[in-house]
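Note: the block below is entry_10.txt and it holds compact mmCIF, C-alpha atoms.
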# COMPACT_ATOMS: atom_id res chain seq x y z
CA ASP A 1 -20.27 -5.40 0.71
CA VAL A 2 -19.11 -8.23 2.93
CA LYS A 3 -15.94 -7.38 4.78
CA VAL A 4 -13.68 -10.01 6.30
CA THR A 5 -10.70 -8.47 8.05
CA GLN A 6 -7.59 -10.34 9.07
CA SER A 7 -5.54 -8.56 11.68
CA SER A 8 -2.13 -8.93 10.05
CA ARG A 9 -0.98 -9.13 6.44
CA TYR A 10 2.51 -10.36 7.29
CA LEU A 11 3.87 -12.05 10.40
CA VAL A 12 7.31 -13.40 11.23
CA LYS A 13 7.58 -15.69 14.25
CA ARG A 14 10.15 -17.96 15.83
CA THR A 15 9.86 -21.73 16.17
CA GLY A 16 8.03 -22.62 19.38
CA GLU A 17 6.19 -19.31 19.72
CA LYS A 18 2.45 -19.22 20.30
CA VAL A 19 0.81 -17.40 17.40
CA PHE A 20 -2.63 -15.81 17.22
CA LEU A 21 -4.30 -14.98 13.91
CA GLU A 22 -7.46 -12.90 14.22
CA CYS A 23 -10.36 -12.60 11.82
CA VAL A 24 -13.41 -10.35 12.04
CA GLN A 25 -16.45 -10.24 9.73
CA ASP A 26 -19.05 -7.50 9.67
CA MET A 27 -22.01 -9.26 8.03
CA ASP A 28 -23.42 -11.31 10.91
CA HIS A 29 -22.46 -14.56 9.17
CA GLU A 30 -22.95 -17.74 11.20
CA ASN A 31 -20.15 -19.67 9.56
CA MET A 32 -16.43 -18.92 9.66
CA PHE A 33 -13.47 -20.83 8.31
CA TRP A 34 -9.69 -20.97 8.48
CA TYR A 35 -7.67 -22.27 5.54
CA ARG A 36 -4.03 -22.45 4.66
CA GLN A 37 -2.90 -22.09 1.07
CA ASP A 38 0.34 -23.54 -0.24
CA PRO A 39 1.66 -23.68 -3.82
CA GLY A 40 0.44 -26.77 -5.62
CA LEU A 41 -1.79 -27.83 -2.72
CA GLY A 42 -4.57 -25.26 -3.04
CA LEU A 43 -6.78 -24.35 -0.11
CA ARG A 44 -6.85 -26.76 2.80
CA LEU A 45 -9.43 -26.40 5.56
CA ILE A 46 -8.00 -26.23 9.08
CA TYR A 47 -11.09 -25.54 11.21
CA PHE A 48 -14.56 -24.12 10.80
CA SER A 49 -17.28 -22.87 13.10
CA TYR A 50 -21.06 -22.88 12.63
CA ASP A 51 -21.86 -20.80 15.66
CA VAL A 52 -20.39 -19.10 18.68
CA LYS A 53 -18.33 -21.49 20.80
CA MET A 54 -18.77 -24.24 18.20
CA LYS A 55 -15.89 -25.62 16.16
CA GLU A 56 -15.30 -28.49 13.80
CA LYS A 57 -12.01 -29.94 12.59
CA GLY A 58 -11.23 -29.61 8.93
CA ASP A 59 -8.76 -31.62 6.90
CA ILE A 60 -5.54 -30.51 8.63
CA PRO A 61 -6.25 -29.49 12.27
CA GLU A 62 -3.04 -30.87 13.77
CA GLY A 63 -0.96 -28.18 15.44
CA TYR A 64 -3.81 -25.64 15.40
CA SER A 65 -6.69 -24.66 17.63
CA VAL A 66 -9.45 -22.07 17.26
CA SER A 67 -11.62 -19.84 19.38
CA ARG A 68 -14.97 -18.25 18.64
CA GLU A 69 -16.23 -16.32 21.64
CA LYS A 70 -18.22 -13.78 19.59
CA LYS A 71 -20.11 -14.29 16.36
CA GLU A 72 -18.03 -11.82 14.39
CA ARG A 73 -14.60 -13.03 15.49
CA PHE A 74 -12.77 -16.29 14.77
CA SER A 75 -9.22 -16.79 15.97
CA LEU A 76 -6.67 -19.34 14.82
CA ILE A 77 -4.00 -20.35 17.31
CA LEU A 78 -0.71 -22.06 16.60
CA GLU A 79 0.18 -23.51 19.98
CA SER A 80 3.88 -23.97 19.19
CA ALA A 81 4.79 -22.67 15.76
CA SER A 82 6.93 -24.85 13.53
CA THR A 83 8.65 -24.12 10.23
CA ASN A 84 6.19 -26.34 8.33
CA GLN A 85 3.44 -23.94 9.34
CA THR A 86 4.95 -21.22 7.17
CA SER A 87 2.09 -20.49 4.80
CA MET A 88 -0.64 -18.11 3.65
CA TYR A 89 -3.57 -18.26 6.07
CA LEU A 90 -7.01 -17.30 4.83
CA CYS A 91 -10.13 -16.63 6.85
CA ALA A 92 -13.59 -16.83 5.28
CA SER A 93 -17.18 -16.40 6.36
CA SER A 94 -20.53 -17.42 4.89
CA LEU A 95 -24.23 -16.91 5.48
CA GLY A 96 -25.72 -20.34 5.08
CA LEU A 97 -23.67 -23.11 3.61
CA ASN A 98 -22.97 -21.85 0.14
CA ILE A 99 -20.88 -18.80 -0.75
CA GLN A 100 -17.74 -17.97 1.19
CA TYR A 101 -16.14 -14.53 1.40
CA PHE A 102 -12.44 -14.31 2.12
CA GLY A 103 -10.15 -11.94 3.94
CA ALA A 104 -6.94 -10.57 2.43
CA GLY A 105 -4.83 -13.31 4.02
CA THR A 106 -1.98 -13.45 6.50
CA ARG A 107 1.40 -14.53 5.20
CA LEU A 108 3.11 -16.22 8.14
CA SER A 109 6.79 -17.06 8.18
CA VAL A 110 8.11 -19.26 10.98
CA LEU A 111 11.89 -19.11 11.35
CA GLN B 1 -10.17 -39.18 -7.70
CA LYS B 2 -10.32 -35.58 -6.52
CA GLU B 3 -13.74 -34.05 -6.02
CA VAL B 4 -12.76 -31.03 -8.14
CA GLU B 5 -10.15 -30.93 -10.89
CA GLN B 6 -8.73 -27.74 -12.32
CA ASP B 7 -5.89 -27.36 -14.79
CA PRO B 8 -3.23 -25.23 -13.05
CA GLY B 9 -1.94 -23.72 -16.29
CA PRO B 10 -0.17 -21.37 -16.52
CA LEU B 11 -2.26 -19.81 -19.25
CA SER B 12 -0.87 -16.86 -21.20
CA VAL B 13 -3.00 -14.90 -23.71
CA PRO B 14 -2.71 -11.60 -25.60
CA GLU B 15 -4.82 -8.64 -24.52
CA GLY B 16 -8.29 -8.76 -26.06
CA ALA B 17 -8.43 -12.56 -26.29
CA ILE B 18 -11.32 -14.67 -25.06
CA VAL B 19 -10.25 -16.82 -22.13
CA SER B 20 -11.88 -20.09 -21.12
CA LEU B 21 -11.20 -21.50 -17.65
CA ASN B 22 -12.62 -24.87 -16.68
CA CYS B 23 -13.21 -27.27 -13.83
CA THR B 24 -14.57 -30.78 -13.72
CA TYR B 25 -16.10 -32.46 -10.70
CA SER B 26 -17.20 -35.90 -9.66
CA ASN B 27 -20.08 -35.36 -7.21
CA SER B 28 -23.46 -34.78 -8.83
CA ALA B 29 -24.82 -33.43 -5.53
CA PHE B 30 -23.01 -30.09 -5.90
CA GLN B 31 -25.50 -27.22 -6.04
CA TYR B 32 -23.61 -23.91 -5.81
CA PHE B 33 -20.76 -23.16 -8.19
CA MET B 34 -18.42 -20.24 -7.68
CA TRP B 35 -15.46 -18.55 -9.32
CA TYR B 36 -12.91 -16.59 -7.33
CA ARG B 37 -10.12 -14.35 -8.59
CA GLN B 38 -6.94 -14.17 -6.54
CA TYR B 39 -4.23 -11.63 -7.19
CA SER B 40 -0.72 -12.41 -6.03
CA ARG B 41 -0.38 -12.29 -2.24
CA LYS B 42 -4.04 -11.37 -1.75
CA GLY B 43 -7.12 -13.28 -0.63
CA PRO B 44 -9.59 -14.81 -3.12
CA GLU B 45 -12.28 -12.40 -4.29
CA LEU B 46 -15.70 -13.75 -5.28
CA LEU B 47 -16.30 -13.10 -8.99
CA MET B 48 -19.49 -14.97 -9.74
CA TYR B 49 -21.70 -17.73 -8.48
CA THR B 50 -24.44 -19.84 -10.00
CA TYR B 51 -26.97 -22.18 -8.53
CA SER B 52 -27.53 -25.42 -10.42
CA SER B 53 -27.19 -25.45 -14.21
CA GLY B 54 -27.13 -22.68 -16.77
CA ASN B 55 -25.29 -19.51 -17.64
CA LYS B 56 -24.76 -16.27 -15.80
CA GLU B 57 -23.25 -13.16 -17.29
CA ASP B 58 -21.67 -10.17 -15.55
CA GLY B 59 -19.98 -7.67 -17.81
CA ARG B 60 -17.06 -9.38 -19.54
CA PHE B 61 -17.47 -12.55 -17.45
CA THR B 62 -19.76 -15.51 -18.14
CA ALA B 63 -20.08 -18.51 -15.85
CA GLN B 64 -21.46 -21.71 -17.28
CA VAL B 65 -22.51 -24.91 -15.51
CA ASP B 66 -23.18 -28.19 -17.30
CA LYS B 67 -24.37 -30.62 -14.64
CA SER B 68 -24.87 -33.47 -17.12
CA SER B 69 -21.14 -33.36 -17.95
CA LYS B 70 -20.07 -32.26 -14.44
CA TYR B 71 -18.21 -29.37 -16.00
CA ILE B 72 -18.09 -25.66 -15.21
CA SER B 73 -16.49 -22.84 -17.15
CA LEU B 74 -15.63 -19.19 -16.77
CA PHE B 75 -15.30 -17.14 -19.96
CA ILE B 76 -13.57 -13.78 -20.00
CA ARG B 77 -14.20 -11.62 -23.05
CA ASP B 78 -11.86 -8.83 -24.19
CA SER B 79 -9.28 -9.87 -21.62
CA GLN B 80 -7.24 -7.11 -19.97
CA PRO B 81 -3.83 -7.13 -18.26
CA SER B 82 -5.73 -6.44 -15.01
CA ASP B 83 -7.33 -9.89 -15.40
CA SER B 84 -3.93 -11.48 -14.76
CA ALA B 85 -4.50 -13.53 -11.61
CA THR B 86 -5.18 -17.03 -10.37
CA TYR B 87 -8.78 -18.19 -10.83
CA LEU B 88 -10.24 -20.70 -8.40
CA CYS B 89 -13.41 -22.67 -8.94
CA ALA B 90 -15.42 -23.79 -5.93
CA MET B 91 -18.57 -25.81 -5.34
CA THR B 92 -20.70 -26.84 -2.41
CA TYR B 93 -23.45 -29.12 -1.22
CA GLY B 94 -24.75 -29.40 2.31
CA ASN B 95 -21.87 -28.32 4.56
CA GLN B 96 -19.18 -29.49 2.16
CA PHE B 97 -17.02 -27.01 0.30
CA TYR B 98 -14.55 -27.98 -2.41
CA PHE B 99 -12.06 -25.75 -4.19
CA GLY B 100 -10.00 -26.30 -7.30
CA THR B 101 -6.28 -25.65 -7.01
CA GLY B 102 -6.50 -22.62 -9.31
CA THR B 103 -5.48 -21.68 -12.86
CA SER B 104 -2.83 -18.99 -13.27
CA LEU B 105 -3.69 -16.52 -16.07
CA THR B 106 -1.44 -13.88 -17.59
CA VAL B 107 -2.82 -11.38 -20.10
CA ILE B 108 -0.02 -9.85 -22.15
CA PRO B 109 -0.44 -6.20 -23.26

Encoded form using structure tokens:
Amino acid sequence: DVKVTQSSRYLVKRTGEKVFLECVQDMDHENMFWYRQDPGLGLRLIYFSYDVKMKEKGDIPEGYSVSREKKERFSLILESASTNQTSMYLCASSLGLNIQYFGAGTRLSVL
Amino acid sequence: QKEVEQDPGPLSVPEGAIVSLNCTYSNSAFQYFMWYRQYSRKGPELLMYTYSSGNKEDGRFTAQVDKSSKYISLFIRDSQPSDSATYLCAMTYGNQFYFGTGTSLTVIP
């Protein structure tokens, strides 16, 4: 079974803090994705990566950056957290450009 | 027009009912069609996927794709309280992924 592991299930941070969300997959997938999910808005793509050290902006990249130094690990960084970044963050990976497998999610609250 | 449209519900059915969940889409280039189940405060879990048109069955679940109508469905037979979740449809072509916003389903014992 594909396993996508997100380092934290719940996080509480203060406005202005730098926040790191980590994601690891164990299936040697080339592609990895970060989404945020908000009620009524569905899944919105923040960034994705097709290979190590490669990244592409998604639909809502503002206020976020990413890092992919190893194939299995994709990190999402909030440079200066703001209250409007309170959300559920979901990491996904895929082999080829078809089926994505998701992690359990990180529920981030920014106070 | 959104690429993928999904009725958000909520949908409430008695245990044992047949449930039909649906999505419509606008882009005829979509090739892979997926259904995910998401329990509250958890990540989406892949239920089923199909490539191109046709039906696919897995236990109590049947996924159906009608490319001529740009319409996909997920049928759940003999629904159980454990099926209570949000169901997301998804579809892809090339490097483009599109998700529906999800339909909330409650199965009442």

Report as a PDB file with C-alpha atoms, keeping the file's coordinate frame all protein, DNA and RNA residues lying within 6 Å of Val12 of chain A, evaluated on all atoms listed in the file, omitting residues in the same chain fewer than 2 positions from it.
ATOM      1  CA  LEU A 108       3.110 -16.220   8.140  1.00  0.00           C
ATOM      2  CA  SER A 109       6.790 -17.060   8.180  1.00  0.00           C
ATOM      3  CA  VAL A 110       8.110 -19.260  10.980  1.00  0.00           C
TER       4      VAL A 110
END

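Proximity to chain A was assessed for B:Asp83, B:Cys89, B:Ser69, B:Phe99 counting all atoms listed in the file; the smallest distance is recorded for B:Phe99.
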
Skip Gln31 of chain B itself and residues of its chain fewer than 3 positions away, then list as a PyMOL selection string all residues within 8 Å of it, counting all atoms listed in the file. chain B and resi 51-52+91-93

Selection to disk with C-alpha atoms, as a compact mmCIF listing (two decimals), in the coordinates of the input:
# COMPACT_ATOMS: atom_id res chain seq x y z
CA TYR B 51 -26.97 -22.18 -8.53
CA SER B 52 -27.53 -25.42 -10.42
CA MET B 91 -18.57 -25.81 -5.34
CA THR B 92 -20.70 -26.84 -2.41
CA TYR B 93 -23.45 -29.12 -1.22

Choose the residue, out of B:Asn55, B:Asn22, B:Thr101, B:Gln38, that has the smallest atom-to-atom separation from chain A; count all atoms listed in the file. B:Thr101

Contact table chain B vs chain A, cut-off 9 Å, shortest pair per residue, all atoms listed in the file, as a Markdown table:
| residue | atom | partner | partner_atom | distance |
| --- | --- | --- | --- | --- |
| B:Pro8 | CA | A:Gly40 | CA | 8.4 |
| B:Gln31 | CA | A:Asn98 | CA | 8.6 |
| B:Tyr32 | CA | A:Asn98 | CA | 6.3 |
| B:Phe33 | CA | A:Ile99 | CA | 8.6 |
| B:Met34 | CA | A:Ile99 | CA | 7.5 |
| B:Arg41 | CA | A:Gly105 | CA | 7.7 |
| B:Lys42 | CA | A:Ala104 | CA | 5.1 |
| B:Gly43 | CA | A:Ala104 | CA | 4.1 |
| B:Pro44 | CA | A:Phe102 | CA | 6.0 |
| B:Glu45 | CA | A:Phe102 | CA | 6.7 |
| B:Leu46 | CA | A:Tyr101 | CA | 6.7 |
| B:Tyr49 | CA | A:Ile99 | CA | 7.8 |
| B:Met91 | CA | A:Asn98 | CA | 8.1 |
| B:Thr92 | CA | A:Asn98 | CA | 6.0 |
| B:Tyr93 | CA | A:Asn98 | CA | 7.4 |
| B:Gly94 | CA | A:Leu97 | CA | 6.5 |
| B:Asn95 | CA | A:Leu97 | CA | 5.6 |
| B:Gln96 | CA | A:Leu97 | CA | 7.9 |
| B:Phe97 | CA | A:Asn98 | CA | 7.9 |
| B:Tyr98 | CA | A:Leu43 | CA | 8.9 |
| B:Phe99 | CA | A:Leu43 | CA | 6.8 |
| B:Gly100 | CA | A:Gly42 | CA | 7.0 |
| B:Thr101 | CA | A:Gly42 | CA | 4.3 |
| B:Gly102 | CA | A:Gly42 | CA | 7.1 |

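With distances restricted to all atoms listed in the file, A:Arg36 is the closest residue to Gln85 of chain A from A:His29, A:Arg68, A:Arg36, A:Lys18.
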
Might you pull out every residue within 6 Å of Lys70 of chain B, with all atoms listed in the file counted and same-chain residues fewer than 2 positions away left off, and present them as a PyMOL selection string? chain B and resi 24-25+66-68

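Using all atoms listed in the file, the nearest neighbour of Asn31 of chain A within the list A:Glu17, A:Thr5, A:Ala81, A:Tyr47 is A:Tyr47.
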
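Distance-wise, atom CA of Ser73 of chain B and atom CA of Cys23 of chain B end up 6.4 Å apart.
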
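Atom pair atom CA of Glu79 of chain A / atom CA of Met27 of chain A: separated by 29.0 Å.
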